[in-house]
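upload-v5.json (JSON, C-alpha atoms)
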[["chain", "number", "residue", "atom", "x", "y", "z"],
["A", 144, "MET", "CA", -13.43, -2.72, 9.13],
["A", 145, "GLN", "CA", -13.54, -5.18, 6.27],
["A", 146, "ILE", "CA", -15.59, -5.16, 3.11],
["A", 147, "ASP", "CA", -15.94, -8.05, 0.69],
["A", 148, "ARG", "CA", -15.05, -7.62, -2.98],
["A", 149, "ASP", "CA", -15.78, -10.75, -5.02],
["A", 150, "GLY", "CA", -14.82, -13.03, -2.14],
["A", 151, "VAL", "CA", -11.72, -11.05, -1.10],
["A", 152, "LYS", "CA", -11.92, -9.16, 2.18],
["A", 153, "LEU", "CA", -10.37, -5.69, 2.02],
["A", 154, "PHE", "CA", -9.54, -3.96, 5.30],
["A", 155, "PHE", "CA", -9.80, -0.22, 5.89],
["A", 156, "GLN", "CA", -9.86, 2.21, 8.80],
["A", 157, "GLU", "CA", -12.11, 5.25, 8.62],
["A", 158, "GLY", "CA", -12.34, 8.31, 10.83],
["A", 159, "GLY", "CA", -13.24, 11.95, 10.93],
["A", 160, "SER", "CA", -15.43, 14.06, 8.71],
["A", 161, "GLY", "CA", -14.95, 16.98, 6.38],
["A", 162, "THR", "CA", -13.85, 17.55, 2.83],
["A", 163, "PRO", "CA", -11.96, 16.84, 0.83],
["A", 164, "PRO", "CA", -11.63, 13.30, 2.12],
["A", 165, "LEU", "CA", -8.18, 11.70, 2.26],
["A", 166, "LEU", "CA", -7.39, 8.19, 1.05],
["A", 167, "LEU", "CA", -4.12, 6.90, 2.55],
["A", 168, "VAL", "CA", -2.35, 4.17, 0.56],
["A", 169, "HIS", "CA", 0.63, 2.39, 2.11],
["A", 170, "GLY", "CA", 3.64, 0.98, 0.27],
["A", 171, "TRP", "CA", 4.76, -2.56, -0.43],
["A", 172, "THR", "CA", 4.93, -4.92, 2.59],
["A", 173, "CYS", "CA", 3.32, -2.33, 4.89],
["A", 174, "ASP", "CA", -0.27, -1.80, 6.00],
["A", 175, "HIS", "CA", -2.59, 1.02, 7.06],
["A", 176, "THR", "CA", -0.61, 1.61, 10.26],
["A", 177, "TYR", "CA", 2.38, 2.88, 8.29],
["A", 178, "LEU", "CA", 0.50, 6.15, 7.78],
["A", 179, "ALA", "CA", -1.10, 6.14, 11.26],
["A", 180, "PRO", "CA", 0.43, 9.49, 12.32],
["A", 181, "GLN", "CA", -1.12, 11.16, 9.26],
["A", 182, "PHE", "CA", -4.44, 9.40, 9.89],
["A", 183, "GLU", "CA", -4.54, 10.67, 13.47],
["A", 184, "TYR", "CA", -3.52, 14.21, 12.53],
["A", 185, "PHE", "CA", -5.92, 14.73, 9.62],
["A", 186, "ARG", "CA", -9.02, 13.02, 11.03],
["A", 187, "ASP", "CA", -9.64, 16.05, 13.26],
["A", 188, "ALA", "CA", -10.42, 18.13, 10.17],
["A", 189, "ARG", "CA", -11.63, 15.74, 7.46],
["A", 190, "GLN", "CA", -12.73, 12.24, 6.58],
["A", 191, "VAL", "CA", -9.73, 9.92, 6.37],
["A", 192, "VAL", "CA", -9.64, 6.36, 5.06],
["A", 193, "ALA", "CA", -6.52, 4.23, 5.42],
["A", 194, "VAL", "CA", -6.49, 0.94, 3.56],
["A", 195, "ASP", "CA", -4.73, -2.40, 3.71],
["A", 196, "LEU", "CA", -4.14, -3.25, 0.08],
["A", 197, "ARG", "CA", -5.08, -6.70, -1.14],
["A", 198, "GLY", "CA", -2.29, -9.06, -0.04],
["A", 199, "HIS", "CA", -1.23, -6.83, 2.86],
["A", 200, "GLY", "CA", -2.06, -6.37, 6.53],
["A", 201, "GLN", "CA", -5.56, -7.45, 7.51],
["A", 202, "SER", "CA", -6.82, -7.78, 3.93],
["A", 203, "ASP", "CA", -7.03, -11.21, 2.33],
["A", 204, "LYS", "CA", -3.94, -12.55, 0.57],
["A", 205, "PRO", "CA", -5.20, -14.62, -2.35],
["A", 206, "GLN", "CA", -2.77, -16.55, -4.54],
["A", 207, "GLN", "CA", -2.85, -14.32, -7.62],
["A", 208, "ASP", "CA", -0.77, -11.81, -9.50],
["A", 209, "TYR", "CA", -0.65, -8.45, -7.73],
["A", 210, "THR", "CA", -0.57, -5.45, -10.07],
["A", 211, "MET", "CA", -0.76, -1.69, -9.69],
["A", 212, "ALA", "CA", -3.89, -1.70, -11.87],
["A", 213, "GLY", "CA", -5.50, -4.33, -9.64],
["A", 214, "PHE", "CA", -4.72, -2.39, -6.47],
["A", 215, "ALA", "CA", -6.05, 0.81, -8.10],
["A", 216, "ASP", "CA", -9.26, -0.95, -9.15],
["A", 217, "ASP", "CA", -9.76, -2.14, -5.55],
["A", 218, "LEU", "CA", -9.42, 1.47, -4.34],
["A", 219, "VAL", "CA", -11.85, 2.82, -6.93],
["A", 220, "TRP", "CA", -14.31, 0.10, -5.93],
["A", 221, "LEU", "CA", -13.82, 0.88, -2.21],
["A", 222, "CYS", "CA", -14.43, 4.61, -2.79],
["A", 223, "GLU", "CA", -17.64, 3.79, -4.67],
["A", 224, "ARG", "CA", -18.88, 1.53, -1.86],
["A", 225, "LEU", "CA", -18.01, 4.03, 0.87],
["A", 226, "LYS", "CA", -19.41, 6.93, -1.20],
["A", 227, "ILE", "CA", -16.09, 8.78, -1.05],
["A", 228, "GLU", "CA", -16.13, 11.57, -3.61],
["A", 229, "LYS", "CA", -13.10, 13.46, -4.88],
["A", 230, "PRO", "CA", -10.57, 12.22, -2.32],
["A", 231, "VAL", "CA", -7.02, 13.42, -2.11],
["A", 232, "VAL", "CA", -5.20, 10.13, -2.67],
["A", 233, "ILE", "CA", -1.95, 10.05, -0.69],
["A", 234, "GLY", "CA", 0.39, 7.18, -1.48],
["A", 235, "HIS", "CA", 3.70, 6.22, 0.07],
["A", 236, "SER", "CA", 6.27, 4.43, -2.11],
["A", 237, "MET", "CA", 4.35, 1.79, -4.09],
["A", 238, "GLY", "CA", 1.18, 3.48, -2.81],
["A", 239, "GLY", "CA", 2.13, 6.57, -4.83],
["A", 240, "VAL", "CA", 2.45, 4.46, -7.96],
["A", 241, "ILE", "CA", -0.99, 3.02, -7.19],
["A", 242, "ALA", "CA", -2.34, 6.57, -6.74],
["A", 243, "LEU", "CA", -1.10, 7.41, -10.25],
["A", 244, "ALA", "CA", -2.65, 4.22, -11.63],
["A", 245, "LEU", "CA", -5.93, 5.13, -9.92],
["A", 246, "ALA", "CA", -5.86, 8.61, -11.49],
["A", 247, "ALA", "CA", -5.17, 7.11, -14.93],
["A", 248, "ARG", "CA", -7.90, 4.48, -14.63],
["A", 249, "ALA", "CA", -10.55, 6.68, -12.98],
["A", 250, "PRO", "CA", -9.58, 10.31, -13.66],
["A", 251, "GLN", "CA", -12.93, 11.55, -12.39],
["A", 252, "LEU", "CA", -12.34, 10.16, -8.89],
["A", 253, "PRO", "CA", -9.41, 11.95, -7.20],
["A", 254, "SER", "CA", -9.35, 15.66, -6.56],
["A", 255, "ALA", "CA", -5.56, 15.37, -6.20],
["A", 256, "ILE", "CA", -2.82, 12.82, -5.70],
["A", 257, "VAL", "CA", 0.19, 13.06, -3.45],
["A", 258, "THR", "CA", 3.16, 10.74, -3.79],
["A", 259, "ILE", "CA", 5.66, 10.26, -0.98],
["A", 260, "ASP", "CA", 8.98, 8.56, -1.82],
["A", 261, "SER", "CA", 7.42, 6.94, -4.88],
["A", 262, "PRO", "CA", 9.55, 5.67, -7.76],
["A", 263, "ILE", "CA", 7.79, 7.72, -10.44],
["A", 264, "LEU", "CA", 10.79, 8.92, -12.47],
["A", 265, "ALA", "CA", 13.68, 6.91, -11.12],
["A", 266, "PRO", "CA", 17.26, 7.76, -12.17],
["A", 267, "PRO", "CA", 19.29, 5.01, -13.89],
["A", 268, "ALA", "CA", 21.22, 4.11, -10.74],
["A", 269, "VAL", "CA", 17.96, 3.48, -8.87],
["A", 270, "LEU", "CA", 16.60, 1.40, -11.75],
["A", 271, "SER", "CA", 19.72, -0.76, -11.62],
["A", 272, "ASN", "CA", 19.18, -1.37, -7.91],
["A", 273, "VAL", "CA", 15.52, -2.16, -8.52],
["A", 274, "ARG", "CA", 16.49, -4.80, -11.07],
["A", 275, "LEU", "CA", 18.84, -6.41, -8.54],
["A", 276, "PHE", "CA", 16.13, -6.29, -5.90],
["A", 277, "LEU", "CA", 13.59, -7.93, -8.22],
["A", 278, "GLU", "CA", 16.10, -10.67, -9.00],
["A", 279, "ALA", "CA", 16.48, -11.27, -5.25],
["A", 280, "LEU", "CA", 12.69, -11.47, -4.91],
["A", 281, "ARG", "CA", 12.64, -14.24, -7.50],
["A", 282, "SER", "CA", 15.24, -16.27, -5.58],
["A", 283, "PRO", "CA", 14.58, -18.92, -2.91],
["A", 284, "ASP", "CA", 15.69, -16.34, -0.30],
["A", 285, "TYR", "CA", 13.02, -13.82, -1.31],
["A", 286, "ARG", "CA", 11.71, -13.34, 2.24],
["A", 287, "GLN", "CA", 15.15, -12.14, 3.39],
["A", 288, "ALA", "CA", 15.35, -9.76, 0.42],
["A", 289, "GLN", "CA", 11.96, -8.39, 1.45],
["A", 290, "ARG", "CA", 13.02, -7.98, 5.11],
["A", 291, "ASP", "CA", 16.25, -6.24, 4.08],
["A", 292, "PHE", "CA", 14.39, -3.85, 1.78],
["A", 293, "VAL", "CA", 11.85, -2.89, 4.44],
["A", 294, "SER", "CA", 14.46, -2.50, 7.19],
["A", 295, "ASN", "CA", 16.93, -0.50, 5.10],
["A", 296, "MET", "CA", 14.70, 1.56, 2.80],
["A", 297, "LEU", "CA", 11.43, 2.41, 4.57],
["A", 298, "PHE", "CA", 12.69, 3.67, 7.92],
["A", 299, "ILE", "CA", 15.36, 5.87, 9.45],
["A", 300, "ALA", "CA", 17.63, 5.01, 12.37],
["A", 301, "THR", "CA", 15.50, 6.89, 14.91],
["A", 302, "ASP", "CA", 12.25, 5.11, 14.02],
["A", 303, "ASP", "CA", 10.59, 2.82, 16.56],
["A", 304, "ARG", "CA", 12.46, -0.52, 16.38],
["A", 305, "ALA", "CA", 9.28, -2.49, 17.17],
["A", 306, "ARG", "CA", 7.50, -0.83, 14.25],
["A", 307, "ILE", "CA", 10.40, -1.66, 11.94],
["A", 308, "GLY", "CA", 10.36, -5.25, 13.18],
["A", 309, "ARG", "CA", 6.64, -5.61, 12.54],
["A", 310, "ALA", "CA", 6.99, -4.32, 8.98],
["A", 311, "ALA", "CA", 10.14, -6.27, 8.19],
["A", 312, "GLY", "CA", 9.27, -9.41, 10.08],
["A", 313, "GLY", "CA", 5.94, -10.42, 8.96],
["A", 314, "ARG", "CA", 2.48, -9.22, 9.77],
["A", 315, "HIS", "CA", 2.48, -6.45, 7.14],
["A", 316, "ARG", "CA", 4.29, -8.33, 4.42],
["A", 317, "LEU", "CA", 2.85, -9.29, 1.12],
["A", 318, "GLY", "CA", 1.03, -12.54, 1.71],
["A", 319, "PRO", "CA", 2.07, -16.05, 0.85],
["A", 320, "ALA", "CA", 2.64, -15.24, -2.80],
["A", 321, "PRO", "CA", 5.55, -17.12, -4.33],
["A", 322, "PRO", "CA", 8.47, -15.00, -5.55],
["A", 323, "ARG", "CA", 7.26, -15.00, -9.16],
["A", 324, "ARG", "CA", 4.06, -13.28, -8.14],
["A", 325, "ALA", "CA", 5.58, -10.90, -5.61],
["A", 326, "GLY", "CA", 8.12, -9.79, -8.20],
["A", 327, "THR", "CA", 5.34, -8.92, -10.67],
["A", 328, "ALA", "CA", 3.69, -6.42, -8.34],
["A", 329, "GLY", "CA", 5.21, -3.51, -10.31]]

How does this structure look as structure tokens?
Amino acid sequence: MQIDRDGVKLFFQEGGSGTPPLLLVHGWTCDHTYLAPQFEYFRDARQVVAVDLRGHGQSDKPQQDYTMAGFADDLVWLCERLKIEKPVVIGHSMGGVIALALAARAPQLPSAIVTIDSPILAPPAVLSNVRLFLEALRSPDYRQAQRDFVSNMLFIATDDRARIGRAAGGRHRLGPAPPRRAGTAG
């Protein structure tokens, strides 16, 4: 389903019933299908909402700066519109950072947050690699840097190759934002 926020369509999938509700937040360049196994598993026992963040998947991809605060504000707004109270916000990678931003900006909303492979307290070696990655995102070859990151960091060798290809190759990627904007998403 899609819902319009100030002219920007935000996509979400909703299923199940029961409390506490779960809000599934994907990482950078992915979409709601990245957490599809969790969606399917948990919807038998509770309400589950999986989102496509602004600039990802089936949500609109406006030319703008993408920030953790902006993504968090979209999720708070979505929860208000869908009347989701006290969700457990589960975020993968960048989605975990967004979950923390959501909790900081609207502490009354989540009942809990769960981060999965999120760079919350990264060691110095990781920070060095992140800086190199951000430099690559600001280069003319930023799409290749994005594909390499998704292929090498978000999946394991036994994952479905078609799923990896979809995430790395295009339909889930951050929209047509130029490298300057994509690199400011953090």

#### Entry: Who sits within 8 Å of A:Arg189, all atoms listed in the file, same chain under 5 positions skipped, as JSON, numbers by chain
{"A": [159, 160, 161, 162, 163, 164, 165]}

### Task
Mind giving me the straight-line distance from atom CA of A:Gln251 to atom CA of A:Pro230 in Å, one decimal?
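If I compute the distance from atom CA of A:Gln251 to atom CA of A:Pro230, I get 10.4 Å.
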
### Query
Which value, in Å to one decimal, gives the distance between atom CA of A:Cys222 and atom CA of A:Gln190?
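Taking atom CA of A:Cys222 as the start and atom CA of A:Gln190 as the end point, the length is 12.2 Å.
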
### Message
Here is a test: counting all atoms listed in the file, which residue of A:Lys229, A:His235, A:Arg274, A:Lys152 is nearest to A:Thr176?
### Response
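Of A:Lys229, A:His235, A:Arg274, A:Lys152, the one nearest A:Thr176, counting all atoms listed in the file, is A:His235.
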
### Query
Pick from A:Leu252, A:Ala193, A:Val269, A:Val168: nearest to A:Met237, with only C-alpha atoms counted?
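For A:Met237, the nearest of the given residues is A:Val168.
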
### Message
Could you tell me how far atom CA of A:Leu196 sits from atom CA of A:Phe214, in Å to one decimal place?
### Response
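So the answer is 6.6 Å.
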
### Message
Just checking: using all atoms listed in the file, which residue out of A:Leu218, A:Val191, A:Leu280, A:Cys173 ends up closest to A:Phe298?
### Response
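Closest candidate: A:Cys173.
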
### Task
Just the residues within 12 Å of A:Arg197, please, counting all atoms listed in the file, with nothing from its chain fewer than 5 positions along; format it as a ChimeraX atom specification.
/A:145-148,150-155,168-175,202-218,221,315-320,328

### Query
Using all atoms listed in the file, which of A:Gln287, A:Ser236, A:Thr301, A:Gln156 sits nearest A:Gly200?
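Closest to A:Gly200 of all the choices is A:Gln156.
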
Add whatever atoms are absent from stretch 242-253 of chain A to reach all heavy atoms, and provide the output as a PDB file, in the coordinates of the input.
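The resulting selection_3.pdb:
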ATOM      1  N   ALA A 242      -1.559   5.338  -6.622  1.00  0.00           N
ATOM      2  CA  ALA A 242      -2.340   6.570  -6.740  1.00  0.00           C
ATOM      3  C   ALA A 242      -2.339   7.074  -8.188  1.00  0.00           C
ATOM      4  O   ALA A 242      -3.374   7.496  -8.716  1.00  0.00           O
ATOM      5  CB  ALA A 242      -1.795   7.643  -5.796  1.00  0.00           C
ATOM      6  N   LEU A 243      -1.169   7.008  -8.833  1.00  0.00           N
ATOM      7  CA  LEU A 243      -1.100   7.410 -10.250  1.00  0.00           C
ATOM      8  C   LEU A 243      -1.928   6.478 -11.129  1.00  0.00           C
ATOM      9  O   LEU A 243      -2.618   6.928 -12.046  1.00  0.00           O
ATOM     10  CB  LEU A 243       0.343   7.422 -10.730  1.00  0.00           C
ATOM     11  CG  LEU A 243       1.183   8.614 -10.302  1.00  0.00           C
ATOM     12  CD1 LEU A 243       2.633   8.428 -10.757  1.00  0.00           C
ATOM     13  CD2 LEU A 243       0.618   9.902 -10.865  1.00  0.00           C
ATOM     14  N   ALA A 244      -1.855   5.183 -10.853  1.00  0.00           N
ATOM     15  CA  ALA A 244      -2.650   4.220 -11.630  1.00  0.00           C
ATOM     16  C   ALA A 244      -4.139   4.491 -11.427  1.00  0.00           C
ATOM     17  O   ALA A 244      -4.925   4.424 -12.386  1.00  0.00           O
ATOM     18  CB  ALA A 244      -2.297   2.788 -11.223  1.00  0.00           C
ATOM     19  N   LEU A 245      -4.531   4.810 -10.203  1.00  0.00           N
ATOM     20  CA  LEU A 245      -5.930   5.130  -9.920  1.00  0.00           C
ATOM     21  C   LEU A 245      -6.357   6.349 -10.737  1.00  0.00           C
ATOM     22  O   LEU A 245      -7.419   6.338 -11.368  1.00  0.00           O
ATOM     23  CB  LEU A 245      -6.104   5.389  -8.422  1.00  0.00           C
ATOM     24  CG  LEU A 245      -7.499   5.745  -7.929  1.00  0.00           C
ATOM     25  CD1 LEU A 245      -7.700   5.232  -6.509  1.00  0.00           C
ATOM     26  CD2 LEU A 245      -7.765   7.232  -7.984  1.00  0.00           C
ATOM     27  N   ALA A 246      -5.525   7.392 -10.743  1.00  0.00           N
ATOM     28  CA  ALA A 246      -5.860   8.610 -11.490  1.00  0.00           C
ATOM     29  C   ALA A 246      -5.956   8.337 -12.994  1.00  0.00           C
ATOM     30  O   ALA A 246      -6.792   8.923 -13.685  1.00  0.00           O
ATOM     31  CB  ALA A 246      -4.832   9.704 -11.211  1.00  0.00           C
ATOM     32  N   ALA A 247      -5.125   7.444 -13.502  1.00  0.00           N
ATOM     33  CA  ALA A 247      -5.170   7.110 -14.930  1.00  0.00           C
ATOM     34  C   ALA A 247      -6.399   6.284 -15.267  1.00  0.00           C
ATOM     35  O   ALA A 247      -6.992   6.451 -16.333  1.00  0.00           O
ATOM     36  CB  ALA A 247      -3.897   6.360 -15.322  1.00  0.00           C
ATOM     37  N   ARG A 248      -6.790   5.386 -14.370  1.00  0.00           N
ATOM     38  CA  ARG A 248      -7.900   4.480 -14.630  1.00  0.00           C
ATOM     39  C   ARG A 248      -9.266   5.102 -14.325  1.00  0.00           C
ATOM     40  O   ARG A 248     -10.273   4.709 -14.902  1.00  0.00           O
ATOM     41  CB  ARG A 248      -7.718   3.186 -13.837  1.00  0.00           C
ATOM     42  CG  ARG A 248      -6.480   2.427 -14.270  1.00  0.00           C
ATOM     43  CD  ARG A 248      -6.182   1.228 -13.397  1.00  0.00           C
ATOM     44  NE  ARG A 248      -7.056   0.106 -13.643  1.00  0.00           N
ATOM     45  CZ  ARG A 248      -6.964  -0.724 -14.686  1.00  0.00           C
ATOM     46  NH1 ARG A 248      -6.036  -0.513 -15.602  1.00  0.00           N
ATOM     47  NH2 ARG A 248      -7.786  -1.740 -14.811  1.00  0.00           N
ATOM     48  N   ALA A 249      -9.290   6.035 -13.374  1.00  0.00           N
ATOM     49  CA  ALA A 249     -10.550   6.680 -12.980  1.00  0.00           C
ATOM     50  C   ALA A 249     -10.283   8.165 -12.751  1.00  0.00           C
ATOM     51  O   ALA A 249     -10.334   8.661 -11.624  1.00  0.00           O
ATOM     52  CB  ALA A 249     -11.096   6.019 -11.716  1.00  0.00           C
ATOM     53  N   PRO A 250      -9.984   8.909 -13.823  1.00  0.00           N
ATOM     54  CA  PRO A 250      -9.580  10.310 -13.660  1.00  0.00           C
ATOM     55  C   PRO A 250     -10.633  11.198 -13.004  1.00  0.00           C
ATOM     56  O   PRO A 250     -10.290  12.247 -12.463  1.00  0.00           O
ATOM     57  CB  PRO A 250      -9.270  10.765 -15.090  1.00  0.00           C
ATOM     58  CG  PRO A 250      -9.909   9.769 -15.980  1.00  0.00           C
ATOM     59  CD  PRO A 250     -10.020   8.491 -15.213  1.00  0.00           C
ATOM     60  N   GLN A 251     -11.873  10.775 -13.016  1.00  0.00           N
ATOM     61  CA  GLN A 251     -12.930  11.550 -12.390  1.00  0.00           C
ATOM     62  C   GLN A 251     -12.924  11.413 -10.869  1.00  0.00           C
ATOM     63  O   GLN A 251     -13.518  12.232 -10.173  1.00  0.00           O
ATOM     64  CB  GLN A 251     -14.304  11.120 -12.932  1.00  0.00           C
ATOM     65  CG  GLN A 251     -14.835   9.791 -12.395  1.00  0.00           C
ATOM     66  CD  GLN A 251     -14.103   8.534 -12.854  1.00  0.00           C
ATOM     67  OE1 GLN A 251     -13.284   8.555 -13.763  1.00  0.00           O
ATOM     68  NE2 GLN A 251     -14.400   7.404 -12.210  1.00  0.00           N
ATOM     69  N   LEU A 252     -12.252  10.428 -10.322  1.00  0.00           N
ATOM     70  CA  LEU A 252     -12.340  10.160  -8.890  1.00  0.00           C
ATOM     71  C   LEU A 252     -11.495  11.106  -8.028  1.00  0.00           C
ATOM     72  O   LEU A 252     -12.047  11.808  -7.179  1.00  0.00           O
ATOM     73  CB  LEU A 252     -11.971   8.695  -8.587  1.00  0.00           C
ATOM     74  CG  LEU A 252     -12.019   8.313  -7.112  1.00  0.00           C
ATOM     75  CD1 LEU A 252     -13.424   8.480  -6.538  1.00  0.00           C
ATOM     76  CD2 LEU A 252     -11.535   6.893  -6.916  1.00  0.00           C
ATOM     77  N   PRO A 253     -10.188  11.149  -8.165  1.00  0.00           N
ATOM     78  CA  PRO A 253      -9.410  11.950  -7.200  1.00  0.00           C
ATOM     79  C   PRO A 253      -9.490  13.448  -7.479  1.00  0.00           C
ATOM     80  O   PRO A 253      -9.549  13.882  -8.625  1.00  0.00           O
ATOM     81  CB  PRO A 253      -7.979  11.447  -7.400  1.00  0.00           C
ATOM     82  CG  PRO A 253      -7.928  10.990  -8.819  1.00  0.00           C
ATOM     83  CD  PRO A 253      -9.314  10.447  -9.117  1.00  0.00           C
TER      84      PRO A 253
END
